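run29.csv (CSV, C-alpha atoms and all ligand atoms) appears below.
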chain,number,residue,atom,x,y,z
J,197,MET,CA,29.5,10.3,28.2
J,198,VAL,CA,28.9,9.2,24.6
J,199,ASP,CA,27.2,11.8,22.5
J,200,VAL,CA,24.1,10.1,21.1
J,201,LYS,CA,24.6,11.6,17.6
J,202,ASP,CA,27.8,9.6,17.4
J,203,LEU,CA,26.2,6.4,18.6
J,204,TYR,CA,25.2,3.9,15.9
J,205,ASP,CA,23.5,0.5,16.0
J,206,VAL,CA,26.1,-0.8,13.5
J,207,ALA,CA,29.4,0.6,12.3
J,208,ILE,CA,31.0,-0.9,9.3
J,209,ILE,CA,34.7,-0.4,8.7
J,210,GLY,CA,35.5,-0.6,5.0
J,211,GLY,CA,33.4,0.5,2.1
J,212,GLY,CA,34.2,-2.2,-0.5
J,213,PRO,CA,31.6,-4.6,-1.8
J,214,GLY,CA,31.7,-6.5,1.5
J,215,GLY,CA,31.1,-3.4,3.7
J,216,MET,CA,28.4,-1.9,1.4
J,217,THR,CA,26.6,-5.2,1.2
J,218,ALA,CA,26.5,-5.3,5.0
J,219,ALA,CA,25.3,-1.7,5.0
J,220,ILE,CA,22.4,-2.6,2.6
J,221,TYR,CA,21.3,-5.3,5.0
J,222,ALA,CA,21.7,-3.1,8.1
J,223,GLY,CA,20.0,-0.1,6.6
J,224,ARG,CA,17.2,-2.3,5.3
J,225,GLY,CA,16.7,-3.6,8.8
J,226,LEU,CA,16.2,0.0,10.0
J,227,LEU,CA,19.4,0.0,12.0
J,228,LYS,CA,21.2,3.3,12.5
J,229,THR,CA,24.2,2.5,10.3
J,230,LEU,CA,27.6,4.1,9.7
J,231,ILE,CA,30.0,3.0,7.1
J,232,ILE,CA,33.6,4.3,7.3
J,233,ASP,CA,36.2,4.2,4.5
J,234,LYS,CA,39.5,6.0,4.2
J,235,GLY,CA,38.9,6.4,0.5
J,236,ALA,CA,36.1,6.3,-2.0
J,237,LEU,CA,33.4,3.7,-1.6
J,238,GLY,CA,34.1,0.7,-3.8
J,239,GLY,CA,37.3,-0.7,-2.4
J,240,ALA,CA,39.3,-3.0,-4.5
J,241,VAL,CA,36.5,-3.1,-7.1
J,242,LEU,CA,37.7,0.4,-8.2
J,243,LEU,CA,41.1,-1.1,-9.1
J,244,SER,CA,39.7,-3.7,-11.5
J,245,ALA,CA,39.0,-2.8,-15.1
J,246,HIS,CA,36.4,-5.5,-15.7
J,247,PHE,CA,34.6,-8.1,-13.7
J,248,ASP,CA,33.5,-11.1,-15.8
J,249,ASN,CA,32.4,-13.3,-12.9
J,250,TYR,CA,30.0,-11.2,-10.9
J,251,PRO,CA,26.5,-12.9,-10.9
J,252,GLY,CA,23.8,-11.0,-12.6
J,253,PHE,CA,26.0,-9.3,-15.2
J,254,PRO,CA,26.3,-11.5,-18.2
J,255,GLY,CA,29.1,-10.2,-20.4
J,256,GLY,CA,30.7,-8.7,-17.3
J,257,ILE,CA,30.8,-5.1,-15.9
J,258,VAL,CA,33.4,-2.4,-15.6
J,259,GLY,CA,34.7,-2.2,-12.0
J,260,PHE,CA,33.9,1.5,-11.5
J,261,GLU,CA,30.3,0.9,-12.7
J,262,LEU,CA,29.9,-2.1,-10.4
J,263,ALA,CA,31.1,0.0,-7.4
J,264,GLN,CA,28.7,2.8,-8.4
J,265,ARG,CA,25.8,0.4,-8.7
J,266,ILE,CA,26.4,-1.1,-5.2
J,267,GLN,CA,26.8,2.4,-3.7
J,268,LYS,CA,23.5,3.6,-5.3
J,269,GLN,CA,21.7,0.6,-3.9
J,270,MET,CA,23.2,1.2,-0.5
J,271,GLU,CA,22.0,4.9,-0.7
J,272,GLU,CA,18.4,3.7,-1.0
J,273,TYR,CA,18.7,3.2,2.8
J,274,ASP,CA,19.6,5.6,5.6
J,275,VAL,CA,23.3,4.8,5.8
J,276,LYS,CA,25.7,7.5,6.9
J,277,PHE,CA,29.1,7.5,5.1
J,278,GLU,CA,32.3,9.0,6.7
J,279,MET,CA,35.5,9.2,4.7
J,280,ASP,CA,38.1,8.6,7.4
J,281,ASN,CA,40.9,6.4,8.4
J,282,VAL,CA,40.2,4.0,11.3
J,283,THR,CA,43.2,3.9,13.6
J,284,SER,CA,41.8,1.7,16.5
J,285,LEU,CA,38.9,-0.3,17.6
J,286,ARG,CA,38.1,-1.4,21.1
J,287,TYR,CA,35.4,-2.1,23.6
J,288,LEU,CA,34.6,1.0,25.6
J,289,ASP,CA,35.2,0.3,29.3
J,290,ASN,CA,34.5,-3.4,28.8
J,291,GLY,CA,31.4,-2.9,26.8
J,292,PRO,CA,28.7,-2.8,25.8
J,293,LEU,CA,29.8,-0.2,23.2
J,294,PHE,CA,32.6,-0.2,20.7
J,295,GLU,CA,34.8,2.8,20.3
J,296,ILE,CA,36.0,3.4,16.8
J,297,VAL,CA,38.8,6.0,16.6
J,298,CYS,CA,39.6,7.6,13.3
J,299,ASP,CA,42.0,10.4,12.3
J,300,GLY,CA,39.1,12.8,12.1
J,301,GLY,CA,37.0,11.8,15.1
J,302,THR,CA,35.6,9.0,17.3
J,303,PHE,CA,32.4,7.0,16.8
J,304,TYR,CA,30.5,4.6,19.0
J,305,ALA,CA,28.5,1.6,18.0
J,306,LYS,CA,26.6,-1.3,19.6
J,307,SER,CA,28.1,-3.6,17.0
J,308,VAL,CA,30.9,-3.4,14.4
J,309,ILE,CA,31.5,-5.2,11.2
J,310,VAL,CA,35.1,-5.2,10.0
J,311,ALA,CA,35.1,-5.3,6.2
J,312,SER,CA,38.4,-3.7,5.6
J,313,GLY,CA,39.7,-6.2,3.1
J,314,SER,CA,43.2,-7.4,3.7
J,315,ASN,CA,46.7,-6.2,3.3
J,316,PRO,CA,48.0,-8.2,0.3
J,317,SER,CA,51.3,-8.9,2.1
J,318,THR,CA,50.2,-9.6,5.7
J,319,GLY,CA,46.6,-10.7,5.2
J,320,CYS,CA,45.7,-8.5,8.2
J,321,ALA,CA,43.6,-5.5,8.9
J,322,ASP,CA,45.7,-2.4,8.9
J,323,PHE,CA,44.6,-1.0,12.3
J,324,PRO,CA,44.9,-2.4,15.8
J,325,VAL,CA,41.9,-4.3,17.1
J,326,GLY,CA,41.9,-4.3,20.9
J,327,ILE,CA,39.5,-7.2,21.4
J,328,ASN,CA,40.7,-10.7,22.4
J,329,ALA,CA,39.2,-14.1,21.7
J,330,THR,CA,36.6,-13.7,24.5
J,331,GLY,CA,35.3,-10.5,22.9
J,332,LYS,CA,36.7,-8.2,25.6
J,401,LIG,C1,43.2,-5.4,-9.7
J,401,LIG,C2,42.1,-6.3,-9.1
J,401,LIG,C3,41.3,-7.0,-9.9
J,401,LIG,C4,40.3,-7.8,-9.4
J,401,LIG,N1,39.5,-8.5,-10.2
J,401,LIG,C5,38.5,-9.3,-9.8
J,401,LIG,C6,37.6,-10.0,-10.6
J,401,LIG,O1,37.7,-9.9,-11.8
J,401,LIG,N2,36.6,-10.8,-10.0
J,401,LIG,C7,36.5,-10.9,-8.7
J,401,LIG,O2,35.6,-11.6,-8.2
J,401,LIG,N3,37.3,-10.2,-7.8
J,401,LIG,C8,38.3,-9.4,-8.3
J,401,LIG,N4,39.1,-8.7,-7.5
J,401,LIG,C9,38.9,-8.9,-6.0
J,401,LIG,C10,37.8,-8.1,-5.5
J,401,LIG,O3,38.0,-6.7,-5.8
J,401,LIG,C11,37.8,-8.2,-3.9
J,401,LIG,O4,37.6,-9.6,-3.7
J,401,LIG,C12,36.8,-7.4,-3.3
J,401,LIG,O5,36.9,-6.0,-3.6
J,401,LIG,C13,36.9,-7.6,-1.7
J,401,LIG,O6,35.9,-6.8,-1.2
J,401,LIG,P1,35.9,-6.4,0.4
J,401,LIG,O7,34.8,-5.5,0.6
J,401,LIG,O8,36.1,-7.6,1.2
J,401,LIG,O9,37.3,-5.6,0.5
J,401,LIG,P2,37.9,-4.4,-0.3
J,401,LIG,O10,37.3,-4.2,-1.6
J,401,LIG,O11,39.4,-4.5,-0.2
J,401,LIG,O12,37.5,-3.1,0.6
J,401,LIG,C14,38.0,-2.8,1.8
J,401,LIG,C15,37.9,-1.4,2.1
J,401,LIG,O13,38.3,-1.1,3.5
J,401,LIG,C16,38.9,0.2,3.5
J,401,LIG,N5,39.8,0.2,4.7
J,401,LIG,C17,40.8,-0.6,5.0
J,401,LIG,N6,41.4,-0.2,6.1
J,401,LIG,C18,40.8,0.9,6.5
J,401,LIG,C19,40.9,1.7,7.7
J,401,LIG,N7,41.9,1.5,8.6
J,401,LIG,N8,40.0,2.8,7.8
J,401,LIG,C20,39.1,3.0,6.9
J,401,LIG,N9,38.9,2.2,5.8
J,401,LIG,C21,39.7,1.1,5.6
J,401,LIG,C22,39.7,0.2,2.2
J,401,LIG,O14,39.9,1.6,1.8
J,401,LIG,C23,38.7,-0.5,1.2
J,401,LIG,O15,37.9,0.5,0.5
J,401,LIG,C24,40.1,-7.9,-8.0
J,401,LIG,C25,41.0,-7.2,-7.1
J,401,LIG,C26,42.0,-6.3,-7.6
J,401,LIG,C27,42.8,-5.5,-6.7
Give the structure from this file in structure tokens form.
Amino acid sequence: MVDVKDLYDVAIIGGGPGGMTAAIYAGRGLLKTLIIDKGALGGAVLLSAHFDNYPGFPGGIVGFELAQRIQKQMEEYDVKFEMDNVTSLRYLDNGPLFEIVCDGGTFYAKSVIVASGSNPSTGCADFPVGINATGK
């Protein structure tokens, strides 16, 4: 039996600009939203000293400041952040819920957005996704 406090409308794996942008949309749509990242929110943006090509910032913006601004905008909505490492993602008993297993606990969601960036050498997510092409 899934504990309802751990059940979300949307779970987003990855708290880089992609994941936080998705969280802004989901939170704004009044969906119960969880964002999970194994590190600080900001993702690879935190590794870049300066962004010259981000729209809306003539003259560019420091990566850390850009990450903070996206996070602040996301926090205007009711989005729960968990700092944890996702180790697996699968349909629970053939659906309709997703089970997201992390080092520190397990969460459930009606839908999942994977925004975990990519491993520079493999181009793949760095956790197993137990869902095949038919979505099961
Ligand atoms: C040094 C550097 C400089 C850059 N400079 C520029 C630039 O000038 N202009 C530009 O447009 N782009 C630049 N980029 C690229 C830009 O940072 C990325 O395109 C952008 O961050 C991608 O966003 P994302 O949300 O898709 O993924 P990411 O930012 O990679 O975020 C993915 C997040 O998922 C999390 N994650 C991954 N696996 C798990 C897991 N198993 N469990 C939990 N969390 C997980 C990671 O911790 C990470 O926070 C630069 C990148 C780097 C590294």
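Nearest to J:Tyr204 of all the residues J:Lys276, J:Lys268, J:Arg224, J:Arg286 is J:Lys276, counting only C-alpha atoms.
One finds atom CA of J:Gly239 at 15.7 Å from atom CA of J:Gln269.
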- Do a neighbour search on stretch 205-210 of chain J at 6 Å with all atoms listed in the file, toss out local chain neighbours closer than 2 positions, and write the hits as JSON, numbers by chain. {"J": [212, 215, 227, 228, 229, 230, 231, 232, 233, 305, 306, 307, 308, 309, 310, 311, 312]}
- Please extract the residues at most 6 Å from ligand LIG 401 (chain J), counting all atoms listed in the file, and provide them as a ChimeraX atom specification, using the chain letters and residue numbers of this document. /J:209-215,232-235,237-241,243-244,247-249,280-283,311-313,322-323
- Message: Could you tell me how far atom CA of J:His246 sits from atom CA of J:Ala219, in Å to one decimal place?
- Response: 23.8 Å
- Which one of J:Ser314, J:Thr217, J:Leu226, J:Glu278 sits closest to J:Arg265 if you count only C-alpha atoms? J:Thr217
- Message: Please return as a PyMOL selection string every residue within 8 Å of (37.8, 4.7, 14.8), taking into account all atoms listed in the file and the file's own coordinates.
- Response: chain J and resi 281-285+295-299+301-303
For the selection you just gave me, I'd like the residues written to a file as a tab-separated table (two decimals), in the coordinates of the input, keeping C-alpha atoms.
chain	number	residue	atom	x	y	z
J	281	ASN	CA	40.90	6.40	8.40
J	282	VAL	CA	40.20	4.00	11.30
J	283	THR	CA	43.20	3.90	13.60
J	284	SER	CA	41.80	1.70	16.50
J	285	LEU	CA	38.90	-0.30	17.60
J	295	GLU	CA	34.80	2.80	20.30
J	296	ILE	CA	36.00	3.40	16.80
J	297	VAL	CA	38.80	6.00	16.60
J	298	CYS	CA	39.60	7.60	13.30
J	299	ASP	CA	42.00	10.40	12.30
J	301	GLY	CA	37.00	11.80	15.10
J	302	THR	CA	35.60	9.00	17.30
J	303	PHE	CA	32.40	7.00	16.80
- Note on the structure: Nearest to J:Ile220, restricted to all atoms listed in the file and choosing among J:Glu272, J:Tyr304, J:Phe277, J:Asn290, comes out as J:Glu272
